[in-house]
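Participant: Structure incoming, see below.
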Amino acid sequence: MADLQLKKVFKRYGKVETIHGVDLDIRHGEFIVFVGPSGCGKSTLLRMIAGLEEVSEGDVFIGGKDVTTTQPSKRGIAMVFQSYALYPHMSVKENMSFGLEVTGESKDVIEERVAEAARILKLEPLLDRKPRQLSGGQRQRVAIGRTIVRKPEVFLFDEPLSNLDAELRVQMRIEISRLHEQLGNTMIYVTHDQVEAMTMADRIVVLRDGNIEQVGTPMELYHSPCNQFVAGFIGSPKMNFLPVSVTSVVGQTVSVRLPDSQEITLNVEHGELAVGDSMTLGIRPEHFLHGESADITLQIKGDVIERLGGTTYVYGELDGQTLIIEADGEKDIVRGELMDFSFHLNRCHLFDKDGIACKQLAVEAAAA
Amino acid sequence: MVSTQNTDKHTTGRRRSLKAGDRRFALMILIPAMTAFLIMVFYPFMDAMSMAFYQFTIYDLEPIFIGFSNFQSILTNPYVLESWVTTAIFVVGTTALTMCVGLAWALLMYQNFFGRSVFRTLTLLPWILPSTVSAFIWAWMLNGKYGIVNALLLGSGVVDENIQFLSDDLGAMMAIILTRTWISIPLFMSFFLAGLQGLDFQQIEAARLDGASNWVVVRRIILPHLRPVFLVTAALGMIGNLQQFDIIYALTGGGPIRSTTVLSIEVYTQAFQNWDLGMASAIGVLWVFTLMPLVVYYLRSLFKED
Ligand SMILES: Nc1ncnc2c1ncn2[C@@H]1O[C@H](COP(=O)(O)OP(=O)(O)OP(=O)(O)O)[C@@H](O)[C@H]1O
Ligand SMILES: [Mg+2]
């Protein structure tokens with residue numbers, strides 16, 4: 001069993017604190033993705049789990065054991081690095097057997113494990129090559145092979161696909177997911193690509209500035225982001241944000257005015273909203289409807305139209321606010337023309353002035 | 001013949017992209033440099049070398065052509081062969097010691113510790129001291145009566161009585177090797193450190209995760225990575241040590257009783273003490289031929305594209 005816990009973990013470089021007390025509970029066999037913008041501390045957190053970076057304060061538990069001060073090699077983890085970190089003067093086979101060799105495994109075991117890993121990763125024809133004779137994707141597979149042979153409890157990946165081209169990235173993404181299925185180990189995967197996060201994760205951990213913003217399944221994060229940052233980070237294209245102001249508050253029923261002066265009324269959980277407060281309304285591009293009626297209709301002129309075939313992106317303006325709208329590719333959309341786009345109220349998100357989501361309870365009213 | 005053909009093929013292969021006109025232009029801009037080289041370096045060098053075929057001592061009014069007899073006397077002269085062996089001992093000993101200490105020091109300076117940059121800078125000190133100054137510092141430290149090295153060795157019980165570094169055959173050789181090593185360490189360390197900077201640190205981290213000990217990391221990751229640097233520094237170090245003159249001359253003057261008379265000292269003695277210029281040139285030729293393979297190797301590895 002290899003569940004993993006972080007308890008109030010801090011990282012400081014001298015006076016600079018980059019991780020501010022992270023708590024996290026990872027269950028055995030989960031595929032966890034750390035995602036967040038550059039510099040938010042994803043790598044630092046992963047390296048502290050690996051033992052490559054000292055934990056300034058707090059504890060790391062793997063399989064119920066406190067490993068905070070344990071040697072990296074004794075933690076039951078293996079890691080795939082962004083640069084692959086293959087040993088350039090060793091063949092593929094030697095790269096894969098190195099770890100077993102230095103820990104004194106017998107020749108037979110090494111042979112068997114390397115052969116098995118090579119089979120899983122389709123590396124058999126490449127075993128005698130040097131890393132420089134391999135393509136990026138093949139190097140990536142060797143780096144993964146090197147971790148598999150050691151049969152670790154937890155796999156750590158630090159942006160393993162960022163050096164690959166788009167097509168190969170998709171392919172490797174699928175291979176890694178399949179590998180997780182096959183091996184059933186706990187995997188922690190760092191990326192700043194939210195598509196990778198959404199497609200691969202059992203649960204996503206969204207980080208910002210050394211804090212966890214939200215932990216949840218991809219769909220949880222998509223449907224109920226707990227704040228504006230997560231809402232903007234998860235989903236592609238990005239969620240639209242419109243500034244709105246509160247016009248009435250009656251218990252949990254809150255009315256807000258849109259930039260185009262329409263009013264909408266929502267039932268939300270909130271602390272203490274008052275009339276006149278400014279808030280933010282969020283609507284995902286894919287939740288706009290064109291040519292269908294819904295609770296609210298906005299009139300938008302499309303300045304730029306991007307046709308991808310199946311879908312069309314419309315970039316328009318609503319009272320100075322830029323909006324992205326995803327429409328069906330078959331729909332008749334003309335540049336420079338005023339068009340109706342509508343959405344259902346249960347699709348929108350309301351954030352208070354600190355960016356905290358005010359969760360919708362039930363939808364009641366329509367346009368005023 | 002073979003070698004000319006070889007270079008020809010090489011040049012055309014690599015320079016194929018240059019059109020005939022371009023090549024003429026390339027030759028033209030090379031002319032001033034080539035002329036300067038021929039006049040300032042090549043001609044005096046050949047002139048001096050040709051002296052090896054003459055007898056020209058203080059008793060001769062002008063050089064007398066004597067063919068190969070200078071070389072004959074070198075081959076039969078035990079002193080010269082002895083110098084050659086002394087040179088070999090000095091060169092191999094110094095180069096090996098410098099490489100080991102330089103590597104160890106570079107590995108130390110590669111570690112992240114408080115005050116590392118101060119240490120790195122201090123390491124360069126022997127480099128900026130004039131070599132004769134270094135030689136006198138070491139002569140003083142190695143002094144047989146009051147030198148600090150003897151004081152330390154005695155104090156720690158490694159030896160029972162003072163080593164007469166500069167008045168004993170073995171001691172004198174040790175002294176020049178030590179001094180020369182001390183002076184060369186900064187250069188070697190810089191080479192190794194530069195090589196280490198080029199190592200992807202994640203490889204070391206990966207090895208750590210794989211369970212490799214410090215020693216395994218050095219042997220299996222770092223040394224293979226430094227291999228090319230090793231070969232080049234070895235060649236460069238040997239060339240430098242073969243040419244060594246000032247430190248040895250200042251420390252021991254080639255003595256006691258010729259025990260540290262390397263080829264450079266021998267040439268100097270023949271030329272400026274015995275005034276036998278023909279003999280000095282002949283030894284110079286021997287010296288050049290000893291150097292040549294190393295120089296060729298060094299230049300080749302410098303220009304090798306890979
Ligand atoms: N040795 C160090 N000294 C001081 N600050 C550091 C050090 N290493 C990292 N940091 C800081 O810690 C923060 C987190 O860095 P980290 O490498 O974990 O980011 P990341 O989320 O992995 O970013 P990226 O997506 O760019 O890889 C950054 O702000 C970085 O500047
Ligand atoms: Mg990172």
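Each chain of the structure tokens is named A, B, ... in the order shown, its residues numbered from 1; ligands are numbered from 1 in display order.
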Counting only C-alpha atoms, which residues of chain B come no farther than 8 Å from chain A, as a list in words?
Facilitator: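 Residues passing the distance filter: Asp200, Gln202, Gln203, Glu205, Ala206, Ala207, Arg208, Leu209, Asp210, Gly211, Ala212, Val216, Ile221, Pro224 and His225 of chain B.
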Participant: Can you pull out every residue within 6 Å of segment 90-104 of chain B, counting only C-alpha atoms, but drop anything in the same chain fewer than 6 positions away, and send it as a ChimeraX atom specification?
Facilitator: /B:177,181,185,188-189,237-238,241
Participant: Can you write out the residues you just picked, keeping C-alpha atoms, as a JSON list (two decimals), in the first residue's frame?
Facilitator:
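Listing of part_4.json after writing:
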```json
[["chain", "number", "residue", "atom", "x", "y", "z"],
["B", 177, "ILE", "CA", 56.67, 18.05, -8.66],
["B", 181, "THR", "CA", 51.41, 20.77, -9.16],
["B", 185, "ILE", "CA", 45.93, 23.14, -9.89],
["B", 188, "PHE", "CA", 43.13, 22.04, -14.04],
["B", 189, "MET", "CA", 40.43, 22.71, -11.50],
["B", 237, "GLY", "CA", 49.28, 19.35, -18.84],
["B", 238, "MET", "CA", 52.01, 17.16, -20.31],
["B", 241, "ASN", "CA", 55.21, 20.25, -17.95]]
```
Participant: Neighbouring residues of ligand 1 are defined here as those with any atom at most 6 Å from a ligand atom, counting only C-alpha atoms and all ligand atoms; list them as a ChimeraX atom specification.
Facilitator: /A:13,18,37-44,192
Participant: Excluding Phe289 of chain B and residues on its chain fewer than 5 positions from it, collect all residues at most 12 Å away from it, counting only C-alpha atoms, and give them as a PyMOL selection string.
Facilitator: chain B and resi 49+84+239+242+263+282-284+294-296
Participant: So which residues touch Val60 of chain A within 7 Å, counting only C-alpha atoms, skipping near sequence neighbours fewer than 2 positions away, as an MDAnalysis selection string?
Facilitator: chainID A and resid 5:7 49 62 66:68
Participant: Taking N, CA and C atoms for each residue, export the selection above as an mmCIF file, in the first residue's frame.
Facilitator:
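The result, stored in again-v7.cif:
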```
data_model
loop_
_atom_site.group_PDB
_atom_site.id
_atom_site.type_symbol
_atom_site.label_atom_id
_atom_site.label_comp_id
_atom_site.auth_asym_id
_atom_site.auth_seq_id
_atom_site.Cartn_x
_atom_site.Cartn_y
_atom_site.Cartn_z
ATOM 1 N N GLN A 5 0.877 11.115 2.375
ATOM 2 C CA GLN A 5 0.331 12.326 2.991
ATOM 3 C C GLN A 5 1.391 13.406 3.139
ATOM 4 N N LEU A 6 0.972 14.629 2.894
ATOM 5 C CA LEU A 6 1.796 15.783 3.237
ATOM 6 C C LEU A 6 1.088 16.468 4.390
ATOM 7 N N LYS A 7 1.850 16.757 5.446
ATOM 8 C CA LYS A 7 1.234 17.411 6.603
ATOM 9 C C LYS A 7 1.931 18.719 6.879
ATOM 10 N N ILE A 49 8.702 15.424 -2.001
ATOM 11 C CA ILE A 49 8.188 14.063 -1.851
ATOM 12 C C ILE A 49 9.286 13.062 -2.208
ATOM 13 N N ILE A 62 4.790 8.195 3.465
ATOM 14 C CA ILE A 62 4.518 7.306 2.330
ATOM 15 C C ILE A 62 4.214 5.929 2.899
ATOM 16 N N ASP A 66 6.730 7.752 8.188
ATOM 17 C CA ASP A 66 7.253 9.111 8.085
ATOM 18 C C ASP A 66 8.599 9.054 7.347
ATOM 19 N N VAL A 67 8.649 9.619 6.150
ATOM 20 C CA VAL A 67 9.873 9.543 5.343
ATOM 21 C C VAL A 67 10.542 10.910 5.212
ATOM 22 N N THR A 68 10.111 11.871 6.051
ATOM 23 C CA THR A 68 10.587 13.246 5.894
ATOM 24 C C THR A 68 12.100 13.342 5.796
#
```
Participant: Between A:Gln133, A:Thr191, A:Gln140, A:Thr70, which has the minimum distance to ligand 2 (counting only C-alpha atoms and all ligand atoms)?
Facilitator: A:Thr191
Participant: Could you give me, as a ChimeraX atom specification, each residue of segment 171-349 of chain A that DSSP assigns to alpha helix (DSSP H) when run on this structure's backbone?
Facilitator: /A:171-183,194-200,218-223,228-233
Participant: Just asking: which residues within segment 47-79 of chain B are strand (DSSP E or B) according to DSSP, as JSON, numbers by chain?
Facilitator: {"B": [54, 55, 64, 65]}
Participant: Please dump the current selection as an mmCIF file, in the first residue's frame; keep N, CA and C atoms.
Facilitator:
```cif
data_model
loop_
_atom_site.group_PDB
_atom_site.id
_atom_site.type_symbol
_atom_site.label_atom_id
_atom_site.label_comp_id
_atom_site.auth_asym_id
_atom_site.auth_seq_id
_atom_site.Cartn_x
_atom_site.Cartn_y
_atom_site.Cartn_z
ATOM 1 N N TYR B 54 75.356 21.483 -36.983
ATOM 2 C CA TYR B 54 76.642 22.205 -37.002
ATOM 3 C C TYR B 54 77.352 22.024 -35.681
ATOM 4 N N GLN B 55 78.657 22.183 -35.757
ATOM 5 C CA GLN B 55 79.419 22.331 -34.518
ATOM 6 C C GLN B 55 79.640 23.813 -34.338
ATOM 7 N N ILE B 64 80.396 24.987 -38.091
ATOM 8 C CA ILE B 64 80.993 24.020 -39.013
ATOM 9 C C ILE B 64 79.994 22.897 -39.198
ATOM 10 N N PHE B 65 79.653 22.611 -40.468
ATOM 11 C CA PHE B 65 78.673 21.558 -40.723
ATOM 12 C C PHE B 65 79.261 20.196 -40.377
#
```
Participant: With only C-alpha atoms and all ligand atoms as the atoms that count, which of A:Gly137, A:Gly235, A:Gly316, A:Gly36 lies nearest to ligand 2?
Facilitator: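 Of A:Gly137, A:Gly235, A:Gly316, A:Gly36, the one nearest ligand 2 is A:Gly36, counting only C-alpha atoms and all ligand atoms.
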Participant: For Phe165 of chain B, please output as an MDAnalysis selection string all residues within 9 Å (counting only C-alpha atoms; exclusion window: fewer than 3 positions along the same chain).
Facilitator: chainID B and resid 139 142:144 162 168:175
